Structure formats: structure tokens, C-alpha cells
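Structure record follows, encoded as C-alpha cells.
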Amino acid sequence: MTAPTATGTPATPTATGTPSAATSVTPTVRQRWTRARGVLLALVLLIAGALALAALRSADQHGRLDPRSADPYGSRAVAALLADHGVRTRVVTTLDQARTAAGPDTTLLVAAPDLLTDHQQTLLHTATTASGARTVLVAPDTPSVGRLAPGVTAAPAPSYDTALAPACALPAARRAGTAETGGIRYRYATTAHGSDACYPADGLPTLLRVPQSRGGDTVLLGAPDILYNERLAQQGNASLALQLLGSRPHLVWYLPSLADASAAPDTGERGFFDLLPSGWLWAALQLFIAAALAALWRARRFGPLVLEKLPVAIRASETVEGRARLYRKVNARDRAATALRTTTRTRLAPLVGVPATQAHTPETLLPALSAHLHGDARPLHDLLFGPPPGDDAALVSLADRLDALEREVRRP
């Protein structure tokens with residue numbers, strides 16, 4: 001598509017080089033750096049602060065229900081009290097370590113049973129059943145509770161009561177009294193002799209002890225509150241935790257980890273996303289949200305656009321040619337044709353005695369043009385108000401015909 005002529009385009013600049021509102025100066029590299037350095041500096045400070053904070057707090061923070069953590073939701077206080085009573089706490093993070101450590105003189109606490117795969121849960125249950133150890137499961141839910149404690153099912157809705165009375169014959173619960181065990185409730189169906197269902201909420205127990213055939217037992221806690229540092233001093237939480245975890249001289253605290261090799265699929269094949277730590281997903285999401293907010297902040301405009309005074313004078317012909325090239329780049333033949341026709345009608349109207357406000361009304365402009373040229377109005381309608389051209393050649397032809405029409409009207 002060739003550029004429209006200077007006589008057939010609505011170019012706003014005049015021949016004297018008056019600046020147009022549609023033109024601007026391309027920012028230099030220095031200007032772009034000046035605009036972007038604030039955002040880059042903020043990102044650098046944010047990353048540096050996050051790294052520094054992580055380095056400072058990595059020594060005393062290990063996570064929720066971690067016996068090495070002094071956080072409000074850590075469990076260092078429980079481990080310290082058990083140590084005062086001669087119970088040694090050992091932290092393991094793999095299934096093989098947990099299975100090997102299980103024995104008659106050991107209490108195995110599983111901090112997050114739902115993180116284990118189906119295969120890991122089956123292996124763990126087999127190992128603990130044959131070992132004679134006490135296994136404490138912290139808030140297992142469906143379906144893990146069915147594999148780790150067969151015959152026990154989790155209720156569909158949690159209990160909203162926290163401090164509950166024992167209401168059972170279990171000696172540890174009776175000595176502890178009221179404790180904060182409310183959370184996941186359990187419906188249990190087992191033929192094992194001597195099962196204890198304690199701390200009921202709405203008729204269902206929140207603490208359940210199921211004996212095993214070889215002297216061990218499985219204890220299900222409906223909520224982890226009695227193990228948290230910030231809740232240990234409330235009600236009878238400390239007493240109940242010490243009695244459940246201190247019945248044997250050794251406590252193995254199992255914190256399931258996604259990096260455990262036993263969590264991999266049985267096929268041995270692992271995809272790319274299986275190798276990434278789970279925290280990368282949240283980190284990527286946070287970066288995406290931050291980028292979206294930064295883009296929204298930079299894209300905001302406060303009020304209408306302001307005309308920019310150009311440092312140099314630009315000739316009207318250069319502006320016309322530049323706009324024509326933009327039209328050609330996006331194949332905007334319809335917009336180019338509309339611009340040519342609109343400008344032609346604007347210039348023809350005063351020549352035939354039509355007010356400027358009626359220049360784009362066919363019912364007013366066409367009869368005046370026909371009377372002036374002493375011809376038929378139908379060809380003029382197609383020329384001045386017709387459909388957009390179908391190709392570049394038709395657009396060039398339209399520009400030539402509009403120029404010819406204007407010259408004919410201007411002829412004395």
C-alpha cells in the first residue's frame with residue numbers, strides 16, 4: 001500500500017511544521033534507565049531483604065511441629081520437657097529411617113501423615129504393626145487414616161470445639177484432664193480389644209488409641225494443638241503430650257519430606273516438576289503477582305495526555321508518509337480510505353456552499369456536488385461514502401479519483 005498524497009490525508013501538522021498530538025520523541029537509553037531504575041532498585045532491595053531474613057532465621061526455625069523449632073507452632077518445648085524426664089528425641093525425615101527406628105522401646109510420632117504416598121503409608125503401617133512400638137499419628141485425614149489405622153475412618157466435618165473433657169478410661173487422658181484435642185473427629189470400627197475413644201466432640205472421639213497384636217498401639221490425635229509451643233501451657237496439654245510421647249525411653253519424630261526417595265513413583269521415573277521443591281510453585285506465583293502489580297502501576301495514567309513540544313520542526317509531508325507507513329504495516333486500508341474520504345469531503349463542502357457541519361451527510365453534500373458538476377450523484381456516493389477498498393491497488397485508485405474530483409470542483 002503506497003502512502004496517501006498530502007492533499008488526500010487528514011494530516012494535523014501544517015506545512016509550517018506545527019507539531020501533531022500523535023507524534024512523540026523515542027525515549028533514549030538514558031531516559032529508559034531513569035524510568036526503570038526505581039523498580040529495579042526496589043526488586044534488588046526486596047530480594048536482599050528476603051535472603052538476609054532467611055539467613056538470620058534459618059538457625060532457629062525449622063517449621064511447623066518440628067521439635068527443633070522455637071516458633072509458636074514449633075514443638076521444642078515438648079522435646080525439652082521430655083528430655084527432662086529422660087526421653088531422648090530423635091528427628092528423622094525419611095521413611096527408611098522411621099521404619100528402622102521403630103521398636104518396642106520407641107514411640108514413633110508422624111507429624112504429617114497425609115504427606116505420605118499410598119505406598120509409604122502401607123510400608124509404615126506394616127513396619128509399626130510388627131515392631132511393638134507406639135505410633136502417634138497427628139491429624140490424619142481421609143484416606144490416609146484408613147491405611148495407617150485400618151478400621152478407623154475420619155468424620156466428614158471437623159469439630160470446632162477445642163478444650164474437651166477426656167470422658168474415657170485411658171489413664172493418660174484421665175490424669176491430664178481437659179485438653180485441646182478438638183479438630184478432626186474419628187469414627188472407628190475395630191474388633192481390637194481395649195480400644196480407647198477419648199475427648200469426644202458431638203459424640204465422636206478426637207483422640208483414639210487402637211492396640212496392636214504385638215504389644216504396640218496406634219494413637220490418633222484429632223488436632224496438633226497440644227504439641228505447639230504456644231499452646232503447651234494451656235489446659236492439660238503438657239500433661240497429655242508428655243504421657244502420650246513419654247511412655248517409652250526413645251521418641252522418633254518423623255517429619256515426612258518430599259525429598260524422600262521412597263516418595264517417588266514405583267516406576268522410578270521422575271519428571272522435571274517432581275525434581276523441583278514445592279516452595280518454587282509459591283515463589284513463582286508471588287513473582288507473577290508482583291510483576292502484574294508493577295505492570296499495572298507503570299501503566300496507570302493520571303488524566304488526559306499532554307501535548308509534548310518537539311525539539312525539532314517536522315514537515316507535514318514526513319508526518320503524512322509516516323502515518324501511511326503505519327497504515328500499510330497493519331493493512332489498515334479501511335482507516336486509510338476513511339481518512340482520505342473525510343478530508344476530501346471537508347474541503348469540498350465550502351466549495352459547493354455546504355456548511356462544515358453538513359460535510360459528512362450524504363443527503364446534503366451529494367445534491368450540492370451534482371448541481372455544481374451537472375452530473376449523476378450515484379458515482380459520487382460510491383466515491384465519497386462507498387465501502388473500503390479490497391486491496392492496495394484499489395486504495396491508490398481511490399486516492400487518485402478523490403484528487404481528480406477535488407481538482408474538477410475547484411476548476412473555474
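The way I read the labels, and the way they are meant: chains A, B, ... in the order of the C-alpha cells, residue 1 as the first residue of every chain, and ligand 1 as the first ligand shown, with later ones counted on from there.
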When DSSP is applied to the backbone of this structure, which of range 21-262 of chain A are assigned strand (DSSP E or B)? Write them out as an mmCIF file with N, CA and C atoms, in the first residue's frame.
```cif
data_model
loop_
_atom_site.group_PDB
_atom_site.id
_atom_site.type_symbol
_atom_site.label_atom_id
_atom_site.label_comp_id
_atom_site.auth_asym_id
_atom_site.auth_seq_id
_atom_site.Cartn_x
_atom_site.Cartn_y
_atom_site.Cartn_z
ATOM 1 N N ARG A 88 14.692 -39.411 75.091
ATOM 2 C CA ARG A 88 15.546 -38.847 74.041
ATOM 3 C C ARG A 88 14.745 -38.719 72.748
ATOM 4 N N THR A 89 14.773 -37.523 72.157
ATOM 5 C CA THR A 89 14.028 -37.261 70.924
ATOM 6 C C THR A 89 14.991 -37.263 69.744
ATOM 7 N N ARG A 90 14.630 -37.987 68.725
ATOM 8 C CA ARG A 90 15.442 -38.063 67.503
ATOM 9 C C ARG A 90 14.563 -37.687 66.315
ATOM 10 N N VAL A 91 15.026 -36.777 65.468
ATOM 11 C CA VAL A 91 14.277 -36.316 64.305
ATOM 12 C C VAL A 91 14.747 -37.087 63.074
ATOM 13 N N VAL A 92 13.800 -37.656 62.322
ATOM 14 C CA VAL A 92 14.105 -38.338 61.059
ATOM 15 C C VAL A 92 13.211 -37.740 59.978
ATOM 16 N N THR A 106 10.278 -47.712 71.670
ATOM 17 C CA THR A 106 10.254 -46.474 70.882
ATOM 18 C C THR A 106 8.822 -46.007 70.662
ATOM 19 N N THR A 107 8.657 -44.682 70.739
ATOM 20 C CA THR A 107 7.422 -44.027 70.296
ATOM 21 C C THR A 107 7.712 -43.324 68.977
ATOM 22 N N LEU A 108 6.958 -43.658 67.963
ATOM 23 C CA LEU A 108 7.137 -43.049 66.633
ATOM 24 C C LEU A 108 6.010 -42.046 66.401
ATOM 25 N N LEU A 109 6.364 -40.764 66.311
ATOM 26 C CA LEU A 109 5.379 -39.722 66.031
ATOM 27 C C LEU A 109 5.487 -39.329 64.558
ATOM 28 N N VAL A 110 4.384 -39.386 63.834
ATOM 29 C CA VAL A 110 4.324 -38.998 62.421
ATOM 30 C C VAL A 110 3.635 -37.635 62.370
ATOM 31 N N ARG A 134 4.836 -47.757 69.903
ATOM 32 C CA ARG A 134 3.663 -46.875 69.911
ATOM 33 C C ARG A 134 3.802 -45.908 68.739
ATOM 34 N N THR A 135 2.755 -45.801 67.937
ATOM 35 C CA THR A 135 2.741 -44.896 66.789
ATOM 36 C C THR A 135 1.709 -43.803 67.050
ATOM 37 N N VAL A 136 2.149 -42.548 67.015
ATOM 38 C CA VAL A 136 1.259 -41.398 67.228
ATOM 39 C C VAL A 136 1.091 -40.697 65.885
ATOM 40 N N LEU A 137 -0.134 -40.645 65.387
ATOM 41 C CA LEU A 137 -0.456 -40.008 64.112
ATOM 42 C C LEU A 137 -1.141 -38.669 64.411
ATOM 43 N N VAL A 138 -0.564 -37.590 63.888
ATOM 44 C CA VAL A 138 -1.076 -36.246 64.163
ATOM 45 C C VAL A 138 -2.042 -35.841 63.055
ATOM 46 N N VAL A 152 -10.479 -47.524 61.017
ATOM 47 C CA VAL A 152 -10.786 -46.183 61.512
ATOM 48 C C VAL A 152 -11.046 -45.272 60.322
ATOM 49 N N THR A 153 -12.078 -44.471 60.412
ATOM 50 C CA THR A 153 -12.398 -43.520 59.350
ATOM 51 C C THR A 153 -12.569 -42.142 59.958
ATOM 52 N N ALA A 154 -12.224 -41.118 59.180
ATOM 53 C CA ALA A 154 -12.365 -39.731 59.638
ATOM 54 C C ALA A 154 -13.757 -39.231 59.326
ATOM 55 N N ALA A 163 -11.136 -27.169 73.675
ATOM 56 C CA ALA A 163 -10.921 -27.733 75.002
ATOM 57 C C ALA A 163 -12.018 -28.750 75.318
ATOM 58 N N LEU A 164 -11.622 -30.003 75.453
ATOM 59 C CA LEU A 164 -12.595 -31.083 75.647
ATOM 60 C C LEU A 164 -12.225 -31.907 76.879
ATOM 61 N N ALA A 179 -8.179 -31.039 77.704
ATOM 62 C CA ALA A 179 -7.074 -30.731 76.780
ATOM 63 C C ALA A 179 -7.653 -30.253 75.458
ATOM 64 N N GLU A 180 -6.784 -29.598 74.680
ATOM 65 C CA GLU A 180 -7.222 -29.033 73.392
ATOM 66 C C GLU A 180 -6.940 -30.042 72.275
ATOM 67 N N TYR A 186 -13.112 -38.782 64.693
ATOM 68 C CA TYR A 186 -12.925 -40.118 64.131
ATOM 69 C C TYR A 186 -14.111 -41.026 64.462
ATOM 70 N N ARG A 187 -14.568 -41.696 63.416
ATOM 71 C CA ARG A 187 -15.471 -42.826 63.617
ATOM 72 C C ARG A 187 -14.598 -44.071 63.518
ATOM 73 N N TYR A 188 -14.634 -44.899 64.500
ATOM 74 C CA TYR A 188 -13.775 -46.076 64.478
ATOM 75 C C TYR A 188 -14.632 -47.330 64.526
ATOM 76 N N ASP A 196 -9.488 -47.282 73.165
ATOM 77 C CA ASP A 196 -9.917 -46.147 73.974
ATOM 78 C C ASP A 196 -10.306 -44.996 73.054
ATOM 79 N N ALA A 197 -11.540 -44.488 73.244
ATOM 80 C CA ALA A 197 -12.038 -43.342 72.475
ATOM 81 C C ALA A 197 -12.242 -42.187 73.442
ATOM 82 N N CYS A 198 -11.389 -41.157 73.344
ATOM 83 C CA CYS A 198 -11.357 -40.090 74.337
ATOM 84 C C CYS A 198 -11.650 -38.728 73.717
ATOM 85 N N TYR A 199 -11.953 -37.779 74.598
ATOM 86 C CA TYR A 199 -12.214 -36.391 74.240
ATOM 87 C C TYR A 199 -13.253 -36.289 73.108
ATOM 88 N N PRO A 200 -14.459 -36.755 73.368
ATOM 89 C CA PRO A 200 -15.485 -36.737 72.307
ATOM 90 C C PRO A 200 -15.984 -35.316 72.022
ATOM 91 N N ALA A 201 -16.309 -35.083 70.760
ATOM 92 C CA ALA A 201 -16.944 -33.839 70.310
ATOM 93 C C ALA A 201 -18.122 -34.234 69.436
ATOM 94 N N LEU A 204 -18.289 -38.023 68.845
ATOM 95 C CA LEU A 204 -17.208 -38.718 68.158
ATOM 96 C C LEU A 204 -15.882 -38.365 68.802
ATOM 97 N N PRO A 205 -14.959 -39.328 68.969
ATOM 98 C CA PRO A 205 -13.703 -39.072 69.681
ATOM 99 C C PRO A 205 -12.733 -38.246 68.847
ATOM 100 N N THR A 206 -11.959 -37.399 69.534
ATOM 101 C CA THR A 206 -10.879 -36.659 68.875
ATOM 102 C C THR A 206 -9.510 -37.226 69.240
ATOM 103 N N LEU A 207 -9.470 -38.164 70.161
ATOM 104 C CA LEU A 207 -8.267 -38.927 70.462
ATOM 105 C C LEU A 207 -8.652 -40.398 70.535
ATOM 106 N N LEU A 208 -7.964 -41.212 69.779
ATOM 107 C CA LEU A 208 -8.312 -42.629 69.684
ATOM 108 C C LEU A 208 -7.039 -43.451 69.819
ATOM 109 N N ARG A 209 -7.071 -44.444 70.724
ATOM 110 C CA ARG A 209 -5.949 -45.371 70.885
ATOM 111 C C ARG A 209 -6.400 -46.767 70.483
ATOM 112 N N VAL A 210 -5.702 -47.332 69.497
ATOM 113 C CA VAL A 210 -6.040 -48.663 68.994
ATOM 114 C C VAL A 210 -4.865 -49.585 69.283
ATOM 115 N N PRO A 211 -5.043 -50.639 70.091
ATOM 116 C CA PRO A 211 -3.931 -51.549 70.409
ATOM 117 C C PRO A 211 -3.564 -52.433 69.210
ATOM 118 N N ASP A 217 0.718 -49.999 70.040
ATOM 119 C CA ASP A 217 -0.590 -49.388 69.818
ATOM 120 C C ASP A 217 -0.433 -48.193 68.871
ATOM 121 N N THR A 218 -1.559 -47.724 68.362
ATOM 122 C CA THR A 218 -1.605 -46.562 67.473
ATOM 123 C C THR A 218 -2.504 -45.521 68.103
ATOM 124 N N VAL A 219 -1.991 -44.288 68.244
ATOM 125 C CA VAL A 219 -2.736 -43.193 68.842
ATOM 126 C C VAL A 219 -3.002 -42.160 67.751
ATOM 127 N N LEU A 220 -4.257 -41.792 67.584
ATOM 128 C CA LEU A 220 -4.641 -40.790 66.591
ATOM 129 C C LEU A 220 -5.069 -39.525 67.313
ATOM 130 N N LEU A 221 -4.393 -38.419 66.998
ATOM 131 C CA LEU A 221 -4.718 -37.108 67.564
ATOM 132 C C LEU A 221 -5.539 -36.321 66.546
ATOM 133 N N HIS A 250 12.566 -43.803 74.153
ATOM 134 C CA HIS A 250 13.029 -43.194 72.913
ATOM 135 C C HIS A 250 11.829 -42.669 72.120
ATOM 136 N N LEU A 251 11.976 -41.442 71.623
ATOM 137 C CA LEU A 251 10.945 -40.834 70.777
ATOM 138 C C LEU A 251 11.557 -40.523 69.411
ATOM 139 N N VAL A 252 10.997 -41.081 68.358
ATOM 140 C CA VAL A 252 11.420 -40.815 66.983
ATOM 141 C C VAL A 252 10.384 -39.892 66.365
ATOM 142 N N TRP A 253 10.811 -38.690 66.021
ATOM 143 C CA TRP A 253 9.911 -37.663 65.486
ATOM 144 C C TRP A 253 10.073 -37.644 63.965
ATOM 145 N N TYR A 254 9.077 -38.189 63.261
ATOM 146 C CA TYR A 254 9.168 -38.350 61.805
ATOM 147 C C TYR A 254 8.508 -37.154 61.126
#
```
Just how far from CA of Leu395 in chain A is CA of Thr319 in chain A, in Å to one decimal?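 Computing the Euclidean distance for CA of Thr319 in chain A and CA of Leu395 in chain A yields 19.2 Å.
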Could you name the residues that touch Thr346 in chain A at 12 Å or less, counting only C-alpha atoms, but leaving out those on the same chain fewer than 2 positions away, as a list in words?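 Answer for this query is Thr7, Gly8, Thr9, Pro10, Ala339, Leu340, Arg341, Thr342, Thr343, Thr344, Leu348, Ala349, Pro350, Leu351, Val352, Gly353, Val354, Pro355, Ala356, Thr357, Gln358, Ala359, His360, Thr361, Leu365, Leu384 and Glu406 of chain A.
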Can I get the selected residues back with N, CA and C atoms, as an mmCIF file, in the first residue's frame?
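So again_12.cif came out as:
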```cif
data_model
loop_
_atom_site.group_PDB
_atom_site.id
_atom_site.type_symbol
_atom_site.label_atom_id
_atom_site.label_comp_id
_atom_site.auth_asym_id
_atom_site.auth_seq_id
_atom_site.Cartn_x
_atom_site.Cartn_y
_atom_site.Cartn_z
ATOM 1 N N THR A 7 -2.487 15.912 -0.277
ATOM 2 C CA THR A 7 -3.789 16.560 -0.459
ATOM 3 C C THR A 7 -4.934 15.649 -0.087
ATOM 4 N N GLY A 8 -4.633 14.368 0.203
ATOM 5 C CA GLY A 8 -5.732 13.448 0.489
ATOM 6 C C GLY A 8 -5.610 12.786 1.830
ATOM 7 N N THR A 9 -5.103 13.464 2.835
ATOM 8 C CA THR A 9 -4.980 12.856 4.155
ATOM 9 C C THR A 9 -5.304 13.891 5.214
ATOM 10 N N PRO A 10 -5.841 13.470 6.366
ATOM 11 C CA PRO A 10 -6.186 14.427 7.418
ATOM 12 C C PRO A 10 -4.997 14.735 8.286
ATOM 13 N N ALA A 339 -9.866 8.121 6.112
ATOM 14 C CA ALA A 339 -9.156 9.388 6.281
ATOM 15 C C ALA A 339 -9.148 10.194 4.996
ATOM 16 N N LEU A 340 -8.911 9.539 3.861
ATOM 17 C CA LEU A 340 -8.897 10.236 2.574
ATOM 18 C C LEU A 340 -10.268 10.826 2.246
ATOM 19 N N ARG A 341 -11.311 10.035 2.426
ATOM 20 C CA ARG A 341 -12.660 10.500 2.096
ATOM 21 C C ARG A 341 -13.110 11.631 3.024
ATOM 22 N N THR A 342 -12.796 11.481 4.337
ATOM 23 C CA THR A 342 -13.213 12.515 5.289
ATOM 24 C C THR A 342 -12.571 13.857 4.968
ATOM 25 N N THR A 343 -11.273 13.843 4.673
ATOM 26 C CA THR A 343 -10.586 15.089 4.359
ATOM 27 C C THR A 343 -11.088 15.697 3.056
ATOM 28 N N THR A 344 -11.358 14.840 2.075
ATOM 29 C CA THR A 344 -11.875 15.355 0.791
ATOM 30 C C THR A 344 -13.239 15.999 0.977
ATOM 31 N N LEU A 348 -14.327 19.857 0.167
ATOM 32 C CA LEU A 348 -15.292 20.099 -0.911
ATOM 33 C C LEU A 348 -16.523 20.873 -0.440
ATOM 34 N N ALA A 349 -16.923 20.666 0.816
ATOM 35 C CA ALA A 349 -18.175 21.256 1.310
ATOM 36 C C ALA A 349 -18.219 22.770 1.128
ATOM 37 N N PRO A 350 -17.221 23.543 1.588
ATOM 38 C CA PRO A 350 -17.333 25.004 1.391
ATOM 39 C C PRO A 350 -17.271 25.424 -0.074
ATOM 40 N N LEU A 351 -16.703 24.586 -0.949
ATOM 41 C CA LEU A 351 -16.625 24.942 -2.369
ATOM 42 C C LEU A 351 -17.980 24.881 -3.065
ATOM 43 N N VAL A 352 -18.881 24.057 -2.527
ATOM 44 C CA VAL A 352 -20.206 23.921 -3.155
ATOM 45 C C VAL A 352 -21.296 24.552 -2.296
ATOM 46 N N GLY A 353 -20.906 25.317 -1.263
ATOM 47 C CA GLY A 353 -21.886 26.021 -0.447
ATOM 48 C C GLY A 353 -22.538 25.194 0.632
ATOM 49 N N VAL A 354 -21.897 24.163 1.095
ATOM 50 C CA VAL A 354 -22.449 23.316 2.164
ATOM 51 C C VAL A 354 -21.723 23.661 3.457
ATOM 52 N N PRO A 355 -22.448 23.864 4.566
ATOM 53 C CA PRO A 355 -21.783 24.163 5.842
ATOM 54 C C PRO A 355 -20.866 23.009 6.265
ATOM 55 N N ALA A 356 -19.861 23.348 7.056
ATOM 56 C CA ALA A 356 -18.917 22.324 7.505
ATOM 57 C C ALA A 356 -19.594 21.244 8.344
ATOM 58 N N THR A 357 -20.648 21.620 9.074
ATOM 59 C CA THR A 357 -21.346 20.621 9.897
ATOM 60 C C THR A 357 -22.111 19.604 9.069
ATOM 61 N N GLN A 358 -22.408 19.935 7.791
ATOM 62 C CA GLN A 358 -23.149 19.034 6.911
ATOM 63 C C GLN A 358 -22.244 18.365 5.882
ATOM 64 N N ALA A 359 -20.916 18.512 6.054
ATOM 65 C CA ALA A 359 -19.995 17.990 5.039
ATOM 66 C C ALA A 359 -20.027 16.470 4.944
ATOM 67 N N HIS A 360 -20.383 15.785 6.015
ATOM 68 C CA HIS A 360 -20.336 14.330 6.017
ATOM 69 C C HIS A 360 -21.728 13.712 5.986
ATOM 70 N N THR A 361 -22.697 14.485 5.555
ATOM 71 C CA THR A 361 -24.075 13.987 5.400
ATOM 72 C C THR A 361 -24.359 13.810 3.920
ATOM 73 N N LEU A 365 -24.558 16.853 1.028
ATOM 74 C CA LEU A 365 -23.374 17.101 0.223
ATOM 75 C C LEU A 365 -23.536 16.630 -1.224
ATOM 76 N N LEU A 384 -17.325 8.940 -2.416
ATOM 77 C CA LEU A 384 -17.145 9.648 -1.151
ATOM 78 C C LEU A 384 -17.663 8.882 0.066
ATOM 79 N N GLU A 406 -11.585 16.660 -6.586
ATOM 80 C CA GLU A 406 -11.336 17.971 -5.983
ATOM 81 C C GLU A 406 -10.830 18.980 -7.015
#
```
Go through A:Tyr327, A:Glu318, A:Ala172, A:Ile47 one by one, measure the shortest atom-to-atom distance of each to Leu287 in chain A using only C-alpha atoms, and give the residue with the smallest value.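 For Leu287 in chain A, the nearest of the candidates is A:Ile47.
Shortest separation to Gln243 in chain A among A:Pro104, A:Pro171, A:Pro166, A:Gly183 occurs at residue A:Pro171, atoms counted being only C-alpha atoms.
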All helix (DSSP H, G or I) residues (DSSP, backbone) inside range 294-366 of chain A, as a PyMOL selection string: chain A and resi 294-299+316-329+333-352+356-358+362-366
Set the distance at 6 Å and use only C-alpha atoms: which residues neighbour range 225-240 of chain A once local chain neighbours fewer than 5 positions away are removed? I'd like the list as an mmCIF file with C-alpha atoms, in the first residue's frame.
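Contents of the output file selection27.cif:
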```cif
data_model
loop_
_atom_site.group_PDB
_atom_site.id
_atom_site.type_symbol
_atom_site.label_atom_id
_atom_site.label_comp_id
_atom_site.auth_asym_id
_atom_site.auth_seq_id
_atom_site.Cartn_x
_atom_site.Cartn_y
_atom_site.Cartn_z
ATOM 1 C CA PRO A 72 4.810 -20.555 68.242
ATOM 2 C CA TYR A 73 3.824 -23.535 66.094
ATOM 3 C CA GLY A 74 7.042 -25.449 66.681
ATOM 4 C CA SER A 75 7.468 -28.207 69.273
ATOM 5 C CA ALA A 77 9.069 -27.094 74.367
ATOM 6 C CA ALA A 176 -4.315 -34.865 82.028
ATOM 7 C CA GLY A 177 -7.940 -33.784 82.290
ATOM 8 C CA THR A 178 -9.282 -31.175 79.846
ATOM 9 C CA ALA A 179 -7.074 -30.731 76.780
#
```
Using only C-alpha atoms, which of A:Ile289, A:Ala295, A:Ala259, A:Leu115 sits nearest Thr93 in chain A? A:Ala259
CA of Ala139 in chain A to CA of Ala223 in chain A measures 5.3 Å
Please provide as a list of chain:residue names all residues within 9 Å of Leu373 in chain A, with the sequence filter that same-chain residues fewer than 5 positions apart are discarded (counting only C-alpha atoms).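 The residues that qualify are A:Ala368, A:Glu408, A:Val409.
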Can I get the selection written as a PDB file, in the first residue's frame, with C-alpha atoms?
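The file below, selection.pdb, is the result:
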```pdb
ATOM      1  CA  ALA A 368     -24.844  20.134  -3.996  1.00  0.00           C
ATOM      2  CA  GLU A 408     -12.668  19.338 -11.033  1.00  0.00           C
ATOM      3  CA  VAL A 409     -14.697  21.125  -8.340  1.00  0.00           C
TER       4      VAL A 409
END
```
Between CA of His119 in chain A and CA of Ala133 in chain A, what distance in Å does the model show, to one decimal?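 Straight-line distance from CA of His119 in chain A to CA of Ala133 in chain A works out to 20.4 Å.
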Considering only C-alpha atoms, state which residue in the set A:Pro140, A:Ala149, A:Arg347, A:Ala291 is at the smallest distance from Leu124 in chain A. A:Ala149
